[in-house]
Amino acid sequence: KVDSLSTEIVVIKNENAAAITDYHRSLRVAELLIRVKGYLRKTKKTYIFSGWVPSEKKRQVESEIMRAARGRAFVEILSPEEINGVRDGKVKVPVMLKHPSFFRPFEMLVSSYGLPEYTVIDPTFFVAISFLLMFGMMFGDVGHGLILALIGWLLGFRRGSGKRSSGTVIVGKLAFWCGLSSIVFGLLYGSIFGLEDVIDGLWMKPMHNVLYFFKVAVYFGVSFISIGILLNVLNAIRARNFKATFFDHAGLVSAIIYWCGIGAVSIFLSNQPIPVVLMALGIGLPILLLFLREPLVAVFSRRRVRFEKGVMTYIMETVIEVIEIITGYLGNTVSFIRVAAFALAHVGLFIAVFSLVDMVKDKSAGFLYSALILIVGNAVIIALEGMVVTIQAIRLEYYEFFGKFFMGGGVAYKPIGLGAGPDRKEGKETV
């Protein structure tokens, strides 16, 4: 009976598919029109509406409006900067990330933290490069990189990937690029499935150059943090915020203290005397400027100096702020030691696996046990280390890099339509 009814249902569906499709399409269009009417205002003879469109589509939208209205329409196109609400910060311009296909998997990392506001520099390019560098440094192995790249290719690039969810495809593409980065650093380290005697490393062996590797990780962190500071300064300049440009926690004054402090520590560790000029002008003078921040801002703003909570409270707050800046940047920089530490941990896990192999290889059925340990050990390292390294790289991105300049708070551009997903455009115009 069930089989008979199932066959009958299939027949009915095939006979009425065209009509059902038309009804469904009509219902979706009707629902869309109801939503659109919510954006309209009208008089007896006139309709008015406004909305955001990508800048490159503004002429297309304009021509479609004129065609639909048969020329009886007036279209005004404004850039966001011309809108009072945008200038006052009351209206947020919707944003869509627009990048070449290579960078799109890394949009996920950025959007998970938050969308950049319209006036803020999009950090996706810097995230893509730095994330791959950190992942490769911590997970550098040719064999493991090949396996990771193969899994990523199967999930993100192989034919039939359209049948998988967009999230799975994005994760697959991200895994593919991370696998390639691991291969590159595996060649630099000379490591294939933990074997370091098969090929000569093009750069170094991490376990043989521990202190040097820590130094490389720290200076990589200094460079990365400096990029975050520069992005914060550029964002403040674009927003015409004089105070944030110079006196923000990631402003120019704090940057000078940080860079000169790094220089002083480097000179000290090289057993050289630290120049007095560097300490006085590079560290002492910027700290003094932080204490004079309120008077300087008042002078440039052409207003009277105001200490709302009193002079002593202002001085104490500035002392605490200076301590926070110094300790914060110190902690941010030291955090990048984990890049070298996890690379060494990756090698250490291989040492443990090979030690187990040495313990059983001479036993009865030692070859079988050795092969089993190698297969299971490599699988565990790929799964465990891959997850841990990804988490650590994301942590460094969010806390040490984004924390300098990126607040999120952007509004996603979601064009009204029949359900076709929004393409990656950056909303720049309003009609």
# chains A, B, ... in the order shown; residues from 1 in each chain; ligands from 1
$ residues_around --residues "Phe300 of chain A" --least-positions-apart "5" --cutoff "10 Å" --atoms "only C-alpha atoms" --output "ChimeraX atom specification"
/A:242-243,295
$ select_by_dssp --residues "segment 47-268 of chain A" --states "strand (DSSP E or B)" --output "short mmCIF file (atom, residue, chain, number, x, y, z; two decimals) with N, CA and C atoms, in the first residue's frame"
data_model
loop_
_atom_site.label_atom_id
_atom_site.label_comp_id
_atom_site.auth_asym_id
_atom_site.auth_seq_id
_atom_site.Cartn_x
_atom_site.Cartn_y
_atom_site.Cartn_z
N TYR A 47 5.95 58.32 -5.59
CA TYR A 47 6.57 57.39 -4.65
C TYR A 47 8.00 57.85 -4.39
N ILE A 48 8.46 57.66 -3.17
CA ILE A 48 9.86 57.97 -2.86
C ILE A 48 10.43 56.80 -2.06
N TRP A 52 20.68 51.43 0.03
CA TRP A 52 22.11 51.31 -0.28
C TRP A 52 22.30 50.38 -1.48
N VAL A 53 23.24 50.74 -2.35
CA VAL A 53 23.63 49.85 -3.45
C VAL A 53 25.14 49.92 -3.60
N PRO A 54 25.79 48.85 -4.07
CA PRO A 54 27.23 48.90 -4.35
C PRO A 54 27.53 49.97 -5.39
N LEU A 78 24.13 59.72 -3.89
CA LEU A 78 25.00 60.38 -2.93
C LEU A 78 26.05 59.40 -2.41
N PRO A 94 26.43 50.23 5.38
CA PRO A 94 26.61 48.77 5.30
C PRO A 94 27.87 48.42 4.52
N VAL A 95 28.49 47.32 4.92
CA VAL A 95 29.78 46.93 4.35
C VAL A 95 29.71 45.50 3.86
N ILE A 192 59.94 15.84 7.10
CA ILE A 192 58.90 15.09 6.37
C ILE A 192 58.39 14.00 7.30
N LEU A 195 60.64 13.19 10.10
CA LEU A 195 61.99 12.73 9.77
C LEU A 195 62.82 13.92 9.29
#
$ residues_around --residues "Lys404 of chain A" --least-positions-apart "6" --cutoff "12 Å" --atoms "only C-alpha atoms" --output "PyMOL selection string"
chain A and resi 123+224-236+244+248-252+254-255+325+328-329+332+396-398
$ atom_distance --atom1 "atom CA of Thr333 of chain A" --atom2 "atom CA of Val389 of chain A"
18.0 Å
$ closest_residue --among "A:Val339, A:Ile129, A:Val222, A:Val36" --to "Ser50 of chain A" --atoms "only C-alpha atoms"
A:Val36
$ atom_distance --atom1 "atom CA of Leu418 of chain A" --atom2 "atom CA of Asp122 of chain A"
28.8 Å
$ select_by_dssp --residues "segment 96-202 of chain A" --states "alpha helix (DSSP H)" --output "ChimeraX atom specification"
/A:104-113,124-138,142-156,166-189
$ residues_around --residues "segment 205-207 of chain A" --least-positions-apart "4" --cutoff "9 Å" --atoms "only C-alpha atoms" --output "JSON, numbers by chain"
{"A": [188, 189, 190, 191, 196, 201, 212, 213, 340, 343, 344, 347, 348]}
$ write_last_selection --atoms "all heavy atoms" --output "CSV table (one decimal), in the first residue's frame"
chain,number,residue,atom,x,y,z
A,188,LEU,N,61.7,24.4,4.6
A,188,LEU,CA,62.6,25.3,5.3
A,188,LEU,C,63.2,24.6,6.5
A,188,LEU,O,64.4,24.8,6.8
A,188,LEU,CB,61.9,26.6,5.8
A,188,LEU,CG,61.5,27.5,4.6
A,188,LEU,CD1,60.7,28.7,5.2
A,188,LEU,CD2,62.7,28.0,3.8
A,189,TYR,N,62.4,23.7,7.2
A,189,TYR,CA,62.9,23.0,8.4
A,189,TYR,C,63.6,21.7,8.0
A,189,TYR,O,64.4,21.1,8.8
A,189,TYR,CB,61.8,22.7,9.4
A,189,TYR,CG,61.1,23.9,10.0
A,189,TYR,CD1,59.8,23.8,10.5
A,189,TYR,CD2,61.7,25.2,10.0
A,189,TYR,CE1,59.1,24.9,11.0
A,189,TYR,CE2,61.0,26.2,10.5
A,189,TYR,CZ,59.7,26.1,11.0
A,189,TYR,OH,59.1,27.2,11.6
A,190,GLY,N,63.3,21.2,6.8
A,190,GLY,CA,63.8,19.9,6.5
A,190,GLY,C,63.1,18.7,7.2
A,190,GLY,O,63.8,17.8,7.6
A,191,SER,N,61.8,18.8,7.3
A,191,SER,CA,61.0,17.8,8.0
A,191,SER,C,59.9,17.2,7.2
A,191,SER,O,59.1,17.9,6.5
A,191,SER,CB,60.4,18.5,9.3
A,191,SER,OG,59.5,17.6,10.0
A,196,GLU,N,63.9,14.2,10.0
A,196,GLU,CA,64.7,15.4,9.7
A,196,GLU,C,66.0,15.1,9.0
A,196,GLU,O,66.8,16.0,8.8
A,196,GLU,CB,64.9,16.2,11.0
A,196,GLU,CG,63.6,16.7,11.6
A,196,GLU,CD,63.9,17.8,12.7
A,196,GLU,OE1,65.0,18.0,13.0
A,196,GLU,OE2,62.9,18.3,13.2
A,201,GLY,N,67.3,21.0,5.5
A,201,GLY,CA,66.5,22.2,5.7
A,201,GLY,C,67.0,23.4,4.9
A,201,GLY,O,68.3,23.6,4.9
A,212,TYR,N,67.6,31.0,18.7
A,212,TYR,CA,67.4,31.8,17.5
A,212,TYR,C,66.0,31.8,17.0
A,212,TYR,O,65.4,32.8,16.6
A,212,TYR,CB,68.3,31.2,16.4
A,212,TYR,CG,68.1,31.8,15.0
A,212,TYR,CD1,68.5,33.1,14.7
A,212,TYR,CD2,67.4,31.0,14.0
A,212,TYR,CE1,68.3,33.6,13.4
A,212,TYR,CE2,67.2,31.6,12.7
A,212,TYR,CZ,67.7,32.9,12.5
A,212,TYR,OH,67.4,33.4,11.2
A,213,PHE,N,65.3,30.6,17.2
A,213,PHE,CA,63.9,30.5,16.7
A,213,PHE,C,63.0,31.4,17.6
A,213,PHE,O,62.1,32.1,17.1
A,213,PHE,CB,63.5,29.1,16.8
A,213,PHE,CG,62.3,28.8,16.0
A,213,PHE,CD1,61.8,29.7,15.0
A,213,PHE,CD2,61.6,27.6,16.2
A,213,PHE,CE1,60.7,29.4,14.3
A,213,PHE,CE2,60.4,27.3,15.4
A,213,PHE,CZ,60.0,28.2,14.5
A,340,ALA,N,57.1,29.9,18.3
A,340,ALA,CA,58.3,29.0,18.3
A,340,ALA,C,58.1,27.8,19.2
A,340,ALA,O,58.4,26.7,18.9
A,340,ALA,CB,59.5,29.8,18.8
A,343,ALA,N,56.0,25.2,17.6
A,343,ALA,CA,56.8,24.5,16.5
A,343,ALA,C,57.7,23.5,17.2
A,343,ALA,O,57.9,22.3,16.7
A,343,ALA,CB,57.7,25.5,15.8
A,344,LEU,N,58.3,23.8,18.4
A,344,LEU,CA,59.1,22.8,19.1
A,344,LEU,C,58.3,21.7,19.7
A,344,LEU,O,58.7,20.5,19.7
A,344,LEU,CB,59.9,23.6,20.2
A,344,LEU,CG,60.9,24.7,19.8
A,344,LEU,CD1,61.5,25.4,21.0
A,344,LEU,CD2,62.0,24.1,18.9
A,347,VAL,N,57.7,19.1,17.0
A,347,VAL,CA,58.9,18.3,16.9
A,347,VAL,C,58.9,17.3,18.1
A,347,VAL,O,59.2,16.1,17.9
A,347,VAL,CB,60.2,19.1,16.8
A,347,VAL,CG1,61.4,18.1,16.7
A,347,VAL,CG2,60.1,20.0,15.6
A,348,GLY,N,58.6,17.8,19.3
A,348,GLY,CA,58.6,17.0,20.5
A,348,GLY,C,57.7,15.8,20.4
A,348,GLY,O,58.0,14.7,20.9
$ atom_distance --atom1 "atom CA of Glu64 of chain A" --atom2 "atom CA of His24 of chain A"
24.8 Å
$ residues_around --residues "segment 260-268 of chain A" --least-positions-apart "3" --cutoff "7 Å" --atoms "only C-alpha atoms" --output "ChimeraX atom specification"
/A:256-257,271-274,278,282-283
$ residues_around --residues "Ser370 of chain A" --least-positions-apart "6" --cutoff "7 Å" --atoms "only C-alpha atoms" --output "list in words"
Val357, Val360 and Lys361 of chain A
$ closest_residue --among "A:Leu115, A:Val353, A:Val110, A:Ala68" --to "Gly410 of chain A" --atoms "only C-alpha atoms"
A:Leu115
$ decode --residues "segment 342-385 of chain A" --atoms "N, CA and C atoms" --output "compact mmCIF listing (two decimals), in the first residue's frame"
# COMPACT_ATOMS: atom_id res chain seq x y z
N PHE A 342 55.27 26.23 19.99
CA PHE A 342 54.43 25.18 19.41
C PHE A 342 55.14 24.48 18.24
N ALA A 343 56.03 25.18 17.56
CA ALA A 343 56.84 24.50 16.54
C ALA A 343 57.74 23.45 17.19
N LEU A 344 58.31 23.80 18.36
CA LEU A 344 59.14 22.84 19.09
C LEU A 344 58.30 21.70 19.65
N ALA A 345 57.07 22.03 20.09
CA ALA A 345 56.17 20.98 20.59
C ALA A 345 55.81 20.00 19.48
N HIS A 346 55.65 20.53 18.26
CA HIS A 346 55.36 19.68 17.11
C HIS A 346 56.48 18.66 16.90
N VAL A 347 57.72 19.15 17.01
CA VAL A 347 58.87 18.25 16.88
C VAL A 347 58.92 17.29 18.06
N GLY A 348 58.59 17.80 19.27
CA GLY A 348 58.63 16.96 20.46
C GLY A 348 57.67 15.79 20.39
N LEU A 349 56.51 16.00 19.81
CA LEU A 349 55.55 14.90 19.66
C LEU A 349 56.10 13.82 18.74
N PHE A 350 56.81 14.22 17.70
CA PHE A 350 57.44 13.24 16.82
C PHE A 350 58.49 12.44 17.57
N ILE A 351 59.24 13.11 18.42
CA ILE A 351 60.27 12.41 19.22
C ILE A 351 59.61 11.33 20.08
N ALA A 352 58.44 11.67 20.67
CA ALA A 352 57.73 10.70 21.49
C ALA A 352 57.25 9.50 20.65
N VAL A 353 56.75 9.78 19.46
CA VAL A 353 56.28 8.70 18.58
C VAL A 353 57.44 7.79 18.19
N PHE A 354 58.56 8.40 17.78
CA PHE A 354 59.72 7.60 17.36
C PHE A 354 60.30 6.81 18.54
N SER A 355 60.19 7.35 19.76
CA SER A 355 60.67 6.62 20.94
C SER A 355 59.84 5.36 21.17
N LEU A 356 58.53 5.49 20.97
CA LEU A 356 57.66 4.32 21.10
C LEU A 356 57.99 3.27 20.04
N VAL A 357 58.30 3.74 18.83
CA VAL A 357 58.66 2.82 17.76
C VAL A 357 59.93 2.06 18.13
N ASP A 358 60.92 2.77 18.68
CA ASP A 358 62.19 2.13 19.07
C ASP A 358 61.96 1.08 20.16
N MET A 359 60.95 1.31 21.00
CA MET A 359 60.69 0.38 22.11
C MET A 359 60.08 -0.93 21.62
N VAL A 360 59.34 -0.92 20.50
CA VAL A 360 58.61 -2.12 20.09
C VAL A 360 59.18 -2.76 18.82
N LYS A 361 60.07 -2.09 18.13
CA LYS A 361 60.49 -2.60 16.83
C LYS A 361 61.24 -3.94 16.91
N ASP A 362 61.90 -4.18 18.03
CA ASP A 362 62.64 -5.44 18.17
C ASP A 362 61.82 -6.54 18.84
N LYS A 363 60.58 -6.24 19.18
CA LYS A 363 59.71 -7.24 19.82
C LYS A 363 59.10 -8.15 18.76
N SER A 364 58.37 -9.14 19.22
CA SER A 364 57.63 -10.01 18.30
C SER A 364 56.56 -9.19 17.58
N ALA A 365 56.47 -9.35 16.28
CA ALA A 365 55.55 -8.55 15.44
C ALA A 365 55.85 -7.06 15.59
N GLY A 366 57.16 -6.77 15.80
CA GLY A 366 57.57 -5.38 16.00
C GLY A 366 57.30 -4.50 14.79
N PHE A 367 57.45 -5.07 13.59
CA PHE A 367 57.22 -4.27 12.38
C PHE A 367 55.76 -3.80 12.31
N LEU A 368 54.83 -4.71 12.64
CA LEU A 368 53.41 -4.36 12.60
C LEU A 368 53.09 -3.29 13.64
N TYR A 369 53.60 -3.48 14.86
CA TYR A 369 53.35 -2.49 15.92
C TYR A 369 53.99 -1.14 15.57
N SER A 370 55.19 -1.17 15.01
CA SER A 370 55.86 0.07 14.63
C SER A 370 55.05 0.84 13.58
N ALA A 371 54.58 0.12 12.58
CA ALA A 371 53.77 0.77 11.54
C ALA A 371 52.49 1.34 12.12
N LEU A 372 51.86 0.57 13.02
CA LEU A 372 50.62 1.03 13.64
C LEU A 372 50.86 2.29 14.47
N ILE A 373 51.96 2.30 15.23
CA ILE A 373 52.28 3.47 16.06
C ILE A 373 52.55 4.69 15.18
N LEU A 374 53.27 4.48 14.08
CA LEU A 374 53.58 5.60 13.19
C LEU A 374 52.29 6.17 12.56
N ILE A 375 51.41 5.29 12.12
CA ILE A 375 50.17 5.76 11.48
C ILE A 375 49.28 6.49 12.48
N VAL A 376 49.05 5.85 13.64
CA VAL A 376 48.19 6.46 14.65
C VAL A 376 48.83 7.74 15.20
N GLY A 377 50.15 7.69 15.43
CA GLY A 377 50.84 8.86 15.95
C GLY A 377 50.75 10.05 15.03
N ASN A 378 50.98 9.82 13.73
CA ASN A 378 50.88 10.92 12.77
C ASN A 378 49.45 11.45 12.68
N ALA A 379 48.47 10.54 12.73
CA ALA A 379 47.07 10.98 12.67
C ALA A 379 46.73 11.85 13.88
N VAL A 380 47.19 11.43 15.07
CA VAL A 380 46.93 12.20 16.28
C VAL A 380 47.62 13.55 16.21
N ILE A 381 48.85 13.58 15.73
CA ILE A 381 49.58 14.85 15.64
C ILE A 381 48.89 15.80 14.68
N ILE A 382 48.48 15.28 13.52
CA ILE A 382 47.80 16.13 12.54
C ILE A 382 46.51 16.71 13.14
N ALA A 383 45.70 15.86 13.79
CA ALA A 383 44.42 16.31 14.34
C ALA A 383 44.63 17.25 15.53
N LEU A 384 45.45 16.81 16.48
CA LEU A 384 45.63 17.58 17.71
C LEU A 384 46.40 18.87 17.45
N GLU A 385 47.58 18.73 16.83
CA GLU A 385 48.40 19.91 16.58
C GLU A 385 47.73 20.87 15.60
